[in-house]
Amino acid sequence: MKSKLLFLILAAASAIVVPFSAAGQVAPERPPKDLTGPDYKYEAYVGYGYTSLNQVNQSRSGLQGVTGSVMRGFGDHFGVKVDGGHYQWNVTSTNTGNPTVDMFLAGAVVHGKLFEKWSAYAEGLMGGVHTGGVTIQPKVSFAGGFGVGVDYNKNTRWSIRVYGDDIGSSFTLVPYQSGFSPHMRWNARAGIGLVYHF
């Protein structure tokens, strides 16, 4: 009788103690892996650019040059951008005179991921355009327009960008006549280059 009672006490004690010791040996869960990557707030772009030259009468060729921009992101889908470009070299044939175009613009950007490594954005820009190398008024015209672009994200830091937009400005070749809206011309602009996120 004593041996049966001792056996029951040992069995009850082991039934209570063994689950507690086994629970103490369970490995803690690992925190989930962060798949979003770093949260960079800025991006800088530099690349090749093209603009048409509709403000210059009898222009036979658009101009090519260098473009650049810096964007500051606010959240996942919005940003503010400053954009500039210098266009000096004819694309195909020569133009009348030796025209050059400088653009300096700023505005809002809406951006988001499309799929996998692809993302896209749309922007509205305002600023100024200077046309040099020809007799034209004014020296700097108020300008503005809209554009879109697509990025292929090589990694979290680097992307390849292709973009296009349409920038309107008002110039006149008639001396002493200001370039108001009746003289507005729209110039297609496009480019390709590298984006660095930081």
# chains A, B, ... in the order shown; residues from 1 in each chain; ligands from 1
$ residues_around --residues "A:Asp102" --least-positions-apart "4" --cutoff "9 Å" --atoms "only C-alpha atoms" --output "PyMOL selection string"
chain A and resi 84-88+128-132
$ residues_around --residues "A:His183" --least-positions-apart "4" --cutoff "9 Å" --atoms "only C-alpha atoms" --output "PyMOL selection string"
chain A and resi 55+169-172+179
$ atom_distance --atom1 "atom CA of A:Gly68" --atom2 "atom CA of A:Ile136"
25.4 Å
$ atom_distance --atom1 "atom CA of A:Leu194" --atom2 "atom CA of A:Arg161"
6.0 Å
$ atom_distance --atom1 "atom CA of A:Ile160" --atom2 "atom CA of A:Val195"
6.1 Å
$ residues_around --residues "A:Asn57" --least-positions-apart "4" --cutoff "10 Å" --atoms "only C-alpha atoms" --output "JSON, numbers by chain"
{"A": [53, 95, 96, 172, 173]}
$ select_by_dssp --residues "stretch 79-133 of chain A" --states "strand (DSSP E)" --output "ChimeraX atom specification"
/A:79-90,100-115,118-132
$ closest_residue --among "A:Val110, A:Val150, A:Ala143, A:Val134" --to "A:Val56" --atoms "only C-alpha atoms"
A:Val134
$ closest_atom_pairs --of "stretch 83-137 of chain A" --to "stretch 69-74 of chain A" --cutoff "10 Å" --atoms "only C-alpha atoms" --output "Markdown table"
| residue | atom | partner | partner_atom | distance |
| --- | --- | --- | --- | --- |
| A:Asp83 | CA | A:Ser69 | CA | 4.2 |
| A:Gly84 | CA | A:Ser69 | CA | 6.2 |
| A:Gly85 | CA | A:Ser69 | CA | 8.6 |
| A:Phe104 | CA | A:Ser69 | CA | 9.6 |
| A:Leu105 | CA | A:Ser69 | CA | 9.2 |
| A:Ala106 | CA | A:Ser69 | CA | 9.2 |
| A:Gly107 | CA | A:Met71 | CA | 9.5 |
| A:Ala108 | CA | A:Met71 | CA | 9.2 |
| A:Val109 | CA | A:Met71 | CA | 8.4 |
| A:Val110 | CA | A:Gly73 | CA | 9.4 |
| A:His111 | CA | A:Gly73 | CA | 9.3 |
$ decode --residues "stretch 104-119 of chain A" --atoms "all heavy atoms" --output "compact mmCIF listing (two decimals), in the first residue's frame"
# COMPACT_ATOMS: atom_id res chain seq x y z
N PHE A 104 14.50 76.22 -64.63
CA PHE A 104 14.56 76.03 -63.18
C PHE A 104 13.13 76.03 -62.67
O PHE A 104 12.40 77.00 -62.81
CB PHE A 104 15.42 77.11 -62.51
CG PHE A 104 15.32 78.46 -63.14
CD1 PHE A 104 14.43 79.40 -62.64
CD2 PHE A 104 16.09 78.80 -64.24
CE1 PHE A 104 14.31 80.65 -63.21
CE2 PHE A 104 15.98 80.06 -64.83
CZ PHE A 104 15.09 80.99 -64.31
N LEU A 105 12.72 74.88 -62.13
CA LEU A 105 11.33 74.64 -61.78
C LEU A 105 11.24 74.01 -60.39
O LEU A 105 12.21 73.42 -59.91
CB LEU A 105 10.68 73.70 -62.81
CG LEU A 105 10.79 74.13 -64.28
CD1 LEU A 105 10.54 72.95 -65.20
CD2 LEU A 105 9.79 75.24 -64.56
N ALA A 106 10.07 74.11 -59.78
CA ALA A 106 9.82 73.45 -58.49
C ALA A 106 8.35 73.10 -58.42
O ALA A 106 7.51 73.73 -59.07
CB ALA A 106 10.21 74.38 -57.33
N GLY A 107 8.03 72.08 -57.62
CA GLY A 107 6.63 71.70 -57.51
C GLY A 107 6.42 70.46 -56.67
O GLY A 107 7.32 69.97 -55.98
N ALA A 108 5.19 69.94 -56.76
CA ALA A 108 4.77 68.79 -55.96
C ALA A 108 4.86 67.51 -56.78
O ALA A 108 4.67 67.52 -58.00
CB ALA A 108 3.34 69.00 -55.48
N VAL A 109 5.12 66.41 -56.08
CA VAL A 109 5.26 65.09 -56.70
C VAL A 109 4.37 64.10 -55.95
O VAL A 109 4.31 64.11 -54.72
CB VAL A 109 6.72 64.60 -56.65
CG1 VAL A 109 6.86 63.23 -57.27
CG2 VAL A 109 7.64 65.58 -57.35
N VAL A 110 3.68 63.25 -56.71
CA VAL A 110 2.94 62.11 -56.15
C VAL A 110 3.58 60.86 -56.73
O VAL A 110 3.73 60.73 -57.94
CB VAL A 110 1.45 62.17 -56.54
CG1 VAL A 110 0.71 60.97 -55.99
CG2 VAL A 110 0.81 63.45 -56.05
N HIS A 111 4.00 59.93 -55.86
CA HIS A 111 4.72 58.75 -56.33
C HIS A 111 4.27 57.50 -55.60
O HIS A 111 3.67 57.57 -54.52
CB HIS A 111 6.24 58.94 -56.18
CG HIS A 111 6.66 59.24 -54.76
ND1 HIS A 111 6.99 58.26 -53.87
CD2 HIS A 111 6.78 60.42 -54.10
CE1 HIS A 111 7.31 58.82 -52.71
NE2 HIS A 111 7.19 60.14 -52.82
N GLY A 112 4.54 56.34 -56.21
CA GLY A 112 4.17 55.08 -55.58
C GLY A 112 4.75 53.90 -56.34
O GLY A 112 5.20 54.05 -57.49
N LYS A 113 4.72 52.72 -55.72
CA LYS A 113 5.22 51.51 -56.35
C LYS A 113 4.20 50.96 -57.32
O LYS A 113 3.01 50.98 -57.05
CB LYS A 113 5.55 50.47 -55.29
CG LYS A 113 6.75 50.82 -54.46
CD LYS A 113 7.26 49.64 -53.69
CE LYS A 113 8.57 50.03 -53.02
NZ LYS A 113 9.22 48.90 -52.40
N LEU A 114 4.68 50.46 -58.46
CA LEU A 114 3.82 49.79 -59.42
C LEU A 114 3.80 48.29 -59.14
O LEU A 114 2.77 47.72 -58.81
CB LEU A 114 4.31 50.05 -60.85
CG LEU A 114 4.21 51.48 -61.35
CD1 LEU A 114 4.82 51.61 -62.73
CD2 LEU A 114 2.76 51.92 -61.38
N PHE A 115 4.96 47.63 -59.29
CA PHE A 115 5.10 46.21 -58.99
C PHE A 115 6.58 45.89 -58.93
O PHE A 115 7.40 46.53 -59.58
CB PHE A 115 4.40 45.32 -60.03
CG PHE A 115 4.86 45.55 -61.44
CD1 PHE A 115 5.90 44.82 -61.99
CD2 PHE A 115 4.26 46.51 -62.23
CE1 PHE A 115 6.32 45.04 -63.28
CE2 PHE A 115 4.67 46.74 -63.53
CZ PHE A 115 5.71 46.00 -64.06
N GLU A 116 6.93 44.90 -58.11
CA GLU A 116 8.30 44.44 -57.93
C GLU A 116 9.26 45.62 -57.81
O GLU A 116 9.17 46.39 -56.87
CB GLU A 116 8.70 43.48 -59.05
CG GLU A 116 7.91 42.19 -59.02
CD GLU A 116 8.30 41.22 -60.12
OE1 GLU A 116 9.15 41.56 -60.97
OE2 GLU A 116 7.74 40.12 -60.13
N LYS A 117 10.15 45.82 -58.79
CA LYS A 117 11.17 46.88 -58.69
C LYS A 117 10.79 48.15 -59.43
O LYS A 117 11.59 49.06 -59.58
CB LYS A 117 12.50 46.36 -59.23
CG LYS A 117 13.10 45.26 -58.37
CD LYS A 117 14.52 44.95 -58.81
CE LYS A 117 15.19 44.03 -57.82
NZ LYS A 117 16.61 43.90 -58.05
N TRP A 118 9.56 48.25 -59.90
CA TRP A 118 9.13 49.40 -60.68
C TRP A 118 8.27 50.35 -59.84
O TRP A 118 7.42 49.92 -59.08
CB TRP A 118 8.32 48.94 -61.90
CG TRP A 118 9.12 48.13 -62.85
CD1 TRP A 118 9.28 46.77 -62.86
CD2 TRP A 118 9.88 48.62 -63.96
NE1 TRP A 118 10.09 46.39 -63.89
CE2 TRP A 118 10.47 47.49 -64.59
CE3 TRP A 118 10.11 49.89 -64.48
CZ2 TRP A 118 11.29 47.62 -65.71
CZ3 TRP A 118 10.93 50.00 -65.60
CH2 TRP A 118 11.51 48.88 -66.20
N SER A 119 8.52 51.64 -60.01
CA SER A 119 7.70 52.67 -59.37
C SER A 119 7.48 53.80 -60.37
O SER A 119 8.16 53.89 -61.39
CB SER A 119 8.37 53.19 -58.10
OG SER A 119 9.65 53.71 -58.38
